[in-house]
>>> print(open('structure_6.pdb').read())   # PDB, C-alpha atoms, pLDDT in the B column
ATOM      1  CA  PRO A   1     -19.782  81.150  30.646  1.00 48.00           C
ATOM      2  CA  PRO A   2     -16.783  79.744  28.788  1.00 49.00           C
ATOM      3  CA  ARG A   3     -18.794  76.853  27.353  1.00 47.00           C
ATOM      4  CA  SER A   4     -21.363  79.105  25.754  1.00 51.00           C
ATOM      5  CA  THR A   5     -18.605  81.406  24.479  1.00 54.00           C
ATOM      6  CA  LEU A   6     -16.766  78.525  22.718  1.00 53.00           C
ATOM      7  CA  PHE A   7     -19.856  76.933  21.219  1.00 57.00           C
ATOM      8  CA  PRO A   8     -20.050  79.105  18.060  1.00 61.00           C
ATOM      9  CA  TYR A   9     -16.353  78.587  17.358  1.00 61.00           C
ATOM     10  CA  THR A  10     -16.646  74.830  17.799  1.00 66.00           C
ATOM     11  CA  THR A  11     -19.578  74.723  15.416  1.00 68.00           C
ATOM     12  CA  LEU A  12     -17.687  76.823  12.885  1.00 65.00           C
ATOM     13  CA  PHE A  13     -14.612  74.581  13.188  1.00 68.00           C
ATOM     14  CA  ARG A  14     -16.693  71.460  12.577  1.00 74.00           C
ATOM     15  CA  SER A  15     -18.341  73.122   9.600  1.00 76.00           C
ATOM     16  CA  GLU A  16     -14.958  73.962   8.065  1.00 79.00           C
ATOM     17  CA  LEU A  17     -13.716  70.418   8.641  1.00 79.00           C
ATOM     18  CA  LYS A  18     -16.789  69.012   6.887  1.00 80.00           C
ATOM     19  CA  LYS A  19     -16.245  71.325   3.918  1.00 82.00           C
ATOM     20  CA  LYS A  20     -12.616  70.227   3.634  1.00 84.00           C
ATOM     21  CA  LYS A  21     -13.600  66.586   3.971  1.00 84.00           C
ATOM     22  CA  ASP A  22     -16.256  66.932   1.276  1.00 83.00           C
ATOM     23  CA  LYS A  23     -13.791  68.712  -0.984  1.00 86.00           C
ATOM     24  CA  LEU A  24     -11.148  66.017  -0.510  1.00 87.00           C
ATOM     25  CA  GLN A  25     -13.746  63.303  -1.119  1.00 87.00           C
ATOM     26  CA  SER A  26     -14.814  65.029  -4.314  1.00 86.00           C
ATOM     27  CA  GLU A  27     -11.195  65.304  -5.474  1.00 88.00           C
ATOM     28  CA  ARG A  28     -10.663  61.640  -4.631  1.00 88.00           C
ATOM     29  CA  ASN A  29     -13.709  60.662  -6.688  1.00 87.00           C
ATOM     30  CA  ASP A  30     -12.419  62.728  -9.617  1.00 88.00           C
ATOM     31  CA  LEU A  31      -9.017  61.028  -9.419  1.00 90.00           C
ATOM     32  CA  CYS A  32     -10.673  57.603  -9.310  1.00 88.00           C
ATOM     33  CA  ARG A  33     -12.670  58.424 -12.436  1.00 87.00           C
ATOM     34  CA  LYS A  34      -9.540  59.656 -14.203  1.00 89.00           C
ATOM     35  CA  GLU A  35      -7.653  56.522 -13.163  1.00 89.00           C
ATOM     36  CA  MET A  36     -10.403  54.298 -14.556  1.00 87.00           C
ATOM     37  CA  SER A  37     -10.428  56.292 -17.784  1.00 87.00           C
ATOM     38  CA  LEU A  38      -6.648  55.986 -18.121  1.00 87.00           C
ATOM     39  CA  GLN A  39      -6.792  52.249 -17.454  1.00 86.00           C
ATOM     40  CA  GLN A  40      -9.430  51.843 -20.161  1.00 84.00           C
ATOM     41  CA  SER A  41      -7.336  53.901 -22.598  1.00 83.00           C
ATOM     42  CA  LEU A  42      -4.243  51.854 -21.749  1.00 84.00           C
ATOM     43  CA  SER A  43      -6.156  48.622 -22.291  1.00 81.00           C
ATOM     44  CA  SER A  44      -7.435  49.895 -25.631  1.00 79.00           C
ATOM     45  CA  LEU A  45      -3.936  50.923 -26.716  1.00 79.00           C
ATOM     46  CA  LYS A  46      -2.550  47.510 -25.756  1.00 78.00           C
ATOM     47  CA  GLU A  47      -5.227  45.829 -27.887  1.00 77.00           C
ATOM     48  CA  GLU A  48      -4.407  48.092 -30.841  1.00 73.00           C
ATOM     49  CA  LEU A  49      -0.694  47.374 -30.395  1.00 69.00           C
ATOM     50  CA  ALA A  50      -1.352  43.631 -30.338  1.00 72.00           C
ATOM     51  CA  LYS A  51      -3.441  43.869 -33.513  1.00 70.00           C
ATOM     52  CA  ALA A  52      -0.759  45.980 -35.213  1.00 64.00           C
ATOM     53  CA  ASP A  53       1.937  43.493 -34.231  1.00 69.00           C
ATOM     54  CA  GLN A  54      -0.177  40.629 -35.560  1.00 70.00           C
ATOM     55  CA  THR A  55      -0.651  42.472 -38.862  1.00 68.00           C
ATOM     56  CA  LEU A  56       3.067  43.144 -38.978  1.00 66.00           C
ATOM     57  CA  ARG A  57       3.836  39.474 -38.477  1.00 67.00           C
ATOM     58  CA  SER A  58       1.534  38.481 -41.332  1.00 69.00           C
ATOM     59  CA  MET A  59       3.208  41.046 -43.621  1.00 71.00           C
ATOM     60  CA  ALA A  60       6.859  40.535 -42.740  1.00 73.00           C
ATOM     61  CA  GLY A  61       7.379  36.896 -41.844  1.00 81.00           C
ATOM     62  CA  LYS A  62       9.297  35.365 -38.966  1.00 86.00           C
ATOM     63  CA  PRO A  63      12.917  35.889 -40.161  1.00 90.00           C
ATOM     64  CA  ILE A  64      12.401  39.634 -40.677  1.00 91.00           C
ATOM     65  CA  LEU A  65      10.668  40.063 -37.323  1.00 89.00           C
ATOM     66  CA  ASN A  66      13.410  38.077 -35.603  1.00 92.00           C
ATOM     67  CA  GLY A  67      15.884  40.445 -37.217  1.00 94.00           C
ATOM     68  CA  ARG A  68      13.943  43.445 -35.930  1.00 93.00           C
ATOM     69  CA  ASP A  69      13.977  42.028 -32.395  1.00 93.00           C
ATOM     70  CA  SER A  70      17.683  41.231 -32.635  1.00 96.00           C
ATOM     71  CA  VAL A  71      18.491  44.788 -33.717  1.00 97.00           C
ATOM     72  CA  ARG A  72      16.552  46.097 -30.727  1.00 95.00           C
ATOM     73  CA  LYS A  73      18.629  43.887 -28.419  1.00 96.00           C
ATOM     74  CA  VAL A  74      21.840  45.162 -29.996  1.00 97.00           C
ATOM     75  CA  LEU A  75      20.731  48.786 -29.564  1.00 97.00           C
ATOM     76  CA  GLN A  76      19.981  48.097 -25.903  1.00 96.00           C
ATOM     77  CA  ILE A  77      23.463  46.598 -25.477  1.00 95.00           C
ATOM     78  CA  PHE A  78      25.061  49.625 -27.168  1.00 95.00           C
ATOM     79  CA  ASN A  79      23.136  52.105 -25.017  1.00 95.00           C
ATOM     80  CA  GLU A  80      24.208  50.287 -21.864  1.00 94.00           C
ATOM     81  CA  ARG A  81      27.853  50.346 -22.962  1.00 93.00           C
ATOM     82  CA  GLY A  82      27.730  54.071 -23.631  1.00 92.00           C
ATOM     83  CA  GLY A  83      30.423  56.084 -25.393  1.00 91.00           C
ATOM     84  CA  GLN A  84      30.971  55.215 -29.053  1.00 91.00           C
ATOM     85  CA  HIS A  85      28.444  52.398 -28.899  1.00 94.00           C
ATOM     86  CA  LYS A  86      25.709  54.763 -27.699  1.00 94.00           C
ATOM     87  CA  SER A  87      26.534  57.073 -30.587  1.00 94.00           C
ATOM     88  CA  ILE A  88      26.051  54.139 -32.970  1.00 95.00           C
ATOM     89  CA  ALA A  89      22.676  53.358 -31.384  1.00 96.00           C
ATOM     90  CA  GLU A  90      21.567  56.966 -31.828  1.00 96.00           C
ATOM     91  CA  SER A  91      22.471  56.765 -35.533  1.00 96.00           C
ATOM     92  CA  TYR A  92      19.950  53.976 -36.060  1.00 97.00           C
ATOM     93  CA  TYR A  93      16.605  55.426 -37.179  1.00 97.00           C
ATOM     94  CA  GLY A  94      14.256  52.431 -37.355  1.00 95.00           C
ATOM     95  CA  LEU A  95      12.269  50.476 -39.911  1.00 95.00           C
ATOM     96  CA  VAL A  96      11.055  52.197 -43.063  1.00 96.00           C
ATOM     97  CA  ILE A  97       7.436  51.386 -42.138  1.00 93.00           C
ATOM     98  CA  GLU A  98       7.841  53.317 -38.880  1.00 92.00           C
ATOM     99  CA  GLN A  99       9.039  56.520 -40.535  1.00 94.00           C
ATOM    100  CA  PHE A 100       6.005  57.687 -42.510  1.00 95.00           C
ATOM    101  CA  GLU A 101       2.242  57.954 -42.433  1.00 94.00           C
ATOM    102  CA  CYS A 102      -0.313  57.935 -45.238  1.00 93.00           C
ATOM    103  CA  GLU A 103      -4.026  57.783 -45.916  1.00 93.00           C
ATOM    104  CA  GLN A 104      -5.630  54.389 -45.455  1.00 90.00           C
ATOM    105  CA  SER A 105      -6.927  54.530 -49.034  1.00 92.00           C
ATOM    106  CA  ILE A 106      -3.394  53.970 -50.398  1.00 92.00           C
ATOM    107  CA  TYR A 107      -2.198  51.358 -47.887  1.00 89.00           C
ATOM    108  CA  THR A 108      -2.354  48.543 -50.436  1.00 91.00           C
ATOM    109  CA  ALA A 109      -0.575  50.568 -53.136  1.00 92.00           C
ATOM    110  CA  VAL A 110       2.196  51.478 -50.684  1.00 93.00           C
ATOM    111  CA  GLU A 111       2.586  47.883 -49.529  1.00 91.00           C
ATOM    112  CA  VAL A 112       2.739  46.529 -53.099  1.00 92.00           C
ATOM    113  CA  THR A 113       5.239  49.196 -54.169  1.00 93.00           C
ATOM    114  CA  ALA A 114       7.624  48.732 -51.247  1.00 94.00           C
ATOM    115  CA  GLY A 115       7.243  45.018 -50.528  1.00 91.00           C
ATOM    116  CA  ASN A 116       9.771  43.809 -47.966  1.00 91.00           C
ATOM    117  CA  ARG A 117      11.596  47.129 -48.193  1.00 94.00           C
ATOM    118  CA  LEU A 118       9.039  48.375 -45.662  1.00 94.00           C
ATOM    119  CA  PHE A 119      11.074  46.380 -43.151  1.00 94.00           C
ATOM    120  CA  HIS A 120      14.510  47.625 -44.127  1.00 96.00           C
ATOM    121  CA  HIS A 121      16.388  49.431 -41.365  1.00 97.00           C
ATOM    122  CA  ILE A 122      17.314  53.079 -41.954  1.00 98.00           C
ATOM    123  CA  VAL A 123      20.714  54.044 -40.561  1.00 97.00           C
ATOM    124  CA  GLU A 124      22.846  57.154 -40.832  1.00 97.00           C
ATOM    125  CA  SER A 125      25.708  55.369 -42.595  1.00 96.00           C
ATOM    126  CA  ASP A 126      26.969  51.962 -43.689  1.00 95.00           C
ATOM    127  CA  ARG A 127      29.369  52.079 -40.732  1.00 95.00           C
ATOM    128  CA  VAL A 128      26.390  51.984 -38.355  1.00 96.00           C
ATOM    129  CA  GLY A 129      24.919  48.968 -40.120  1.00 96.00           C
ATOM    130  CA  THR A 130      28.265  47.153 -40.011  1.00 96.00           C
ATOM    131  CA  PHE A 131      28.600  47.710 -36.240  1.00 95.00           C
ATOM    132  CA  ILE A 132      25.108  46.345 -35.606  1.00 97.00           C
ATOM    133  CA  LEU A 133      25.644  43.288 -37.815  1.00 96.00           C
ATOM    134  CA  LYS A 134      28.944  42.477 -36.122  1.00 96.00           C
ATOM    135  CA  GLU A 135      27.278  42.558 -32.706  1.00 96.00           C
ATOM    136  CA  MET A 136      24.401  40.395 -33.964  1.00 96.00           C
ATOM    137  CA  ASN A 137      26.869  37.790 -35.261  1.00 95.00           C
ATOM    138  CA  LYS A 138      28.961  37.998 -32.099  1.00 95.00           C
ATOM    139  CA  SER A 139      25.896  37.445 -29.908  1.00 94.00           C
ATOM    140  CA  LYS A 140      24.504  34.824 -32.323  1.00 95.00           C
ATOM    141  CA  LEU A 141      21.197  36.656 -32.639  1.00 96.00           C
ATOM    142  CA  PRO A 142      18.711  35.319 -35.222  1.00 95.00           C
ATOM    143  CA  GLY A 143      16.882  36.967 -38.107  1.00 94.00           C
ATOM    144  CA  GLU A 144      17.267  38.710 -41.448  1.00 93.00           C
ATOM    145  CA  VAL A 145      18.339  42.355 -41.526  1.00 96.00           C
ATOM    146  CA  THR A 146      18.738  44.722 -44.478  1.00 96.00           C
ATOM    147  CA  PHE A 147      20.074  48.225 -43.866  1.00 97.00           C
ATOM    148  CA  MET A 148      19.443  51.404 -45.837  1.00 97.00           C
ATOM    149  CA  PRO A 149      22.435  53.654 -45.074  1.00 97.00           C
ATOM    150  CA  LEU A 150      21.488  57.226 -45.962  1.00 97.00           C
ATOM    151  CA  ASN A 151      25.042  58.063 -47.012  1.00 95.00           C
ATOM    152  CA  ARG A 152      24.893  55.390 -49.731  1.00 95.00           C
ATOM    153  CA  LEU A 153      21.473  56.141 -51.222  1.00 95.00           C
ATOM    154  CA  HIS A 154      21.324  58.251 -54.354  1.00 91.00           C
ATOM    155  CA  VAL A 155      18.078  59.426 -55.934  1.00 92.00           C
ATOM    156  CA  ARG A 156      17.500  61.504 -59.036  1.00 88.00           C
ATOM    157  CA  ASN A 157      14.993  64.303 -59.321  1.00 87.00           C
ATOM    158  CA  ILE A 158      12.099  63.004 -61.399  1.00 86.00           C
ATOM    159  CA  ASP A 159      10.070  65.117 -63.814  1.00 84.00           C
ATOM    160  CA  TYR A 160       6.570  63.927 -62.955  1.00 86.00           C
ATOM    161  CA  PRO A 161       3.836  64.266 -65.610  1.00 84.00           C
ATOM    162  CA  ASN A 162       1.772  67.438 -65.369  1.00 84.00           C
ATOM    163  CA  THR A 163      -1.701  65.939 -65.085  1.00 86.00           C
ATOM    164  CA  LYS A 164      -4.562  65.879 -62.593  1.00 88.00           C
ATOM    165  CA  ASP A 165      -5.056  62.164 -63.283  1.00 90.00           C
ATOM    166  CA  ALA A 166      -1.867  61.072 -61.541  1.00 90.00           C
ATOM    167  CA  ILE A 167       0.215  62.067 -58.519  1.00 91.00           C
ATOM    168  CA  ALA A 168       3.591  60.953 -57.208  1.00 93.00           C
ATOM    169  CA  MET A 169       3.108  58.399 -54.425  1.00 95.00           C
ATOM    170  CA  VAL A 170       5.871  59.942 -52.329  1.00 95.00           C
ATOM    171  CA  SER A 171       3.939  63.231 -52.219  1.00 94.00           C
ATOM    172  CA  LYS A 172       1.101  61.420 -50.421  1.00 95.00           C
ATOM    173  CA  LEU A 173       3.405  60.321 -47.601  1.00 96.00           C
ATOM    174  CA  GLU A 174       4.007  62.322 -44.437  1.00 96.00           C
ATOM    175  CA  TYR A 175       7.496  61.995 -42.976  1.00 96.00           C
ATOM    176  CA  ASP A 176      10.418  63.809 -41.416  1.00 95.00           C
ATOM    177  CA  GLU A 177      12.732  65.464 -43.919  1.00 95.00           C
ATOM    178  CA  LYS A 178      15.562  63.354 -42.510  1.00 94.00           C
ATOM    179  CA  TYR A 179      14.124  60.304 -44.283  1.00 96.00           C
ATOM    180  CA  ASP A 180      13.414  61.983 -47.624  1.00 96.00           C
ATOM    181  CA  THR A 181      16.207  60.189 -49.495  1.00 96.00           C
ATOM    182  CA  ALA A 182      15.174  56.749 -48.231  1.00 97.00           C
ATOM    183  CA  LEU A 183      11.491  57.223 -49.016  1.00 97.00           C
ATOM    184  CA  ARG A 184      12.093  58.761 -52.446  1.00 95.00           C
ATOM    185  CA  TYR A 185      14.458  55.851 -53.145  1.00 96.00           C
ATOM    186  CA  ILE A 186      11.567  53.426 -52.563  1.00 96.00           C
ATOM    187  CA  PHE A 187       8.496  55.372 -53.680  1.00 95.00           C
ATOM    188  CA  GLY A 188       9.858  58.147 -55.892  1.00 93.00           C
ATOM    189  CA  ARG A 189       9.316  56.366 -59.220  1.00 91.00           C
ATOM    190  CA  THR A 190       5.705  55.338 -58.532  1.00 92.00           C
ATOM    191  CA  LEU A 191       2.586  57.252 -59.567  1.00 92.00           C
ATOM    192  CA  ILE A 192      -0.913  56.885 -58.173  1.00 91.00           C
ATOM    193  CA  CYS A 193      -3.238  57.066 -61.195  1.00 91.00           C
ATOM    194  CA  ARG A 194      -6.943  57.748 -61.438  1.00 88.00           C
ATOM    195  CA  ASN A 195      -7.572  54.516 -63.348  1.00 89.00           C
ATOM    196  CA  LEU A 196      -5.855  51.743 -65.319  1.00 89.00           C
ATOM    197  CA  GLU A 197      -6.211  53.579 -68.626  1.00 90.00           C
ATOM    198  CA  VAL A 198      -4.310  56.594 -67.316  1.00 88.00           C
ATOM    199  CA  ALA A 199      -1.631  54.328 -65.842  1.00 86.00           C
ATOM    200  CA  THR A 200      -1.189  52.548 -69.188  1.00 87.00           C
ATOM    201  CA  GLN A 201      -0.906  55.821 -71.124  1.00 87.00           C
ATOM    202  CA  LEU A 202       1.658  57.297 -68.714  1.00 84.00           C
ATOM    203  CA  ALA A 203       3.692  54.088 -68.686  1.00 81.00           C
ATOM    204  CA  ARG A 204       3.778  54.110 -72.505  1.00 79.00           C
ATOM    205  CA  ARG A 205       4.914  57.751 -72.619  1.00 74.00           C
ATOM    206  CA  SER A 206       7.597  57.063 -70.023  1.00 66.00           C
ATOM    207  CA  GLU A 207       8.889  54.105 -72.046  1.00 57.00           C
ATOM    208  CA  GLU A 208       8.951  56.216 -75.230  1.00 44.00           C
ATOM    209  CA  ARG A 209      10.965  58.937 -73.488  1.00 46.00           C
ATOM    210  CA  ARG A 210      13.377  56.374 -72.083  1.00 39.00           C
ATOM    211  CA  VAL A 211      13.950  54.759 -75.486  1.00 38.00           C
ATOM    212  CA  GLY A 212      14.369  58.168 -77.094  1.00 37.00           C
ATOM    213  CA  LYS A 213      17.086  59.154 -74.622  1.00 37.00           C
ATOM    214  CA  GLU A 214      18.905  55.878 -75.127  1.00 37.00           C
TER     215      GLU A 214
END
>>> encode(input="structure_6.pdb", output="structure tokens")
Amino acid sequence: PPRSTLFPYTTLFRSELKKKKDKLQSERNDLCRKEMSLQQSLSSLKEELAKADQTLRSMAGKPILNGRDSVRKVLQIFNERGGQHKSIAESYYGLVIEQFECEQSIYTAVEVTAGNRLFHHIVESDRVGTFILKEMNKSKLPGEVTFMPLNRLHVRNIDYPNTKDAIAMVSKLEYDEKYDTALRYIFGRTLICRNLEVATQLARRSEERRVGKE
């Protein structure tokens, strides 16, 4: 009879539907787990960002941070205008502190060496800095801003002492070659020494060479 003939096919169809349902449920569970994991990662990143911003505020001070925020607003305005203004925005490279990485063991030495220069703004040229400052003044935006135009920075090649007891600080920094001039301008004349005695000896030799040349 027709009913008995269809029975195996009906059973098979139901079995296939159950397999598909189970598979979809499994995929849904996997996606839920991934979503939870991503949410946890996002939450963790937000906490790290908040801590970093708090550290930045303690290092830089309110006027410098206001200046940073004002520059960001100007860049947003320039990007929205497009054309020449967008080109100016693309020629702004960011704060010095954002352009390199280093080992945690030398954080303090780097901070002491650079001081507030960590929060100077690297730009392609002085023209870029002038455009940004004009817009800040026009829009009456607050804050202190100091630019480091790459076309105006000049650094000399330094003959570092040949010793295992000291190393050039700039060689311990990781950064894009584009920012080499700016970072050598700030850190190029500083050595990381094994101890105070070595630092004193090298400083004395450097002073003797300088006096001899003069």
>>> atom_distance(input="structure_6.pdb", atom1="CA of Leu150 in chain A", atom2="CA of Glu80 in chain A")
25.2 Å
>>> axis_aligned_box(input="structure_6.pdb", around="range 179-195 of chain A", padding_each_side="8 Å", output="JSON")
{"center_x": 4.3, "center_y": 57.7, "center_z": -53.8, "size_x": 39.8, "size_y": 24.6, "size_z": 35.1}
>>> atom_distance(input="structure_6.pdb", atom1="CA of Ala182 in chain A", atom2="CA of Asn137 in chain A")
25.8 Å
>>> atom_distance(input="structure_6.pdb", atom1="CA of Ala89 in chain A", atom2="CA of Glu124 in chain A")
10.2 Å
>>> closest_residue(input="structure_6.pdb", among="A:Ile158, A:Ile88, A:Glu144, A:Leu191", to="Ile106 in chain A", atoms="all atoms listed in the file")
A:Leu191
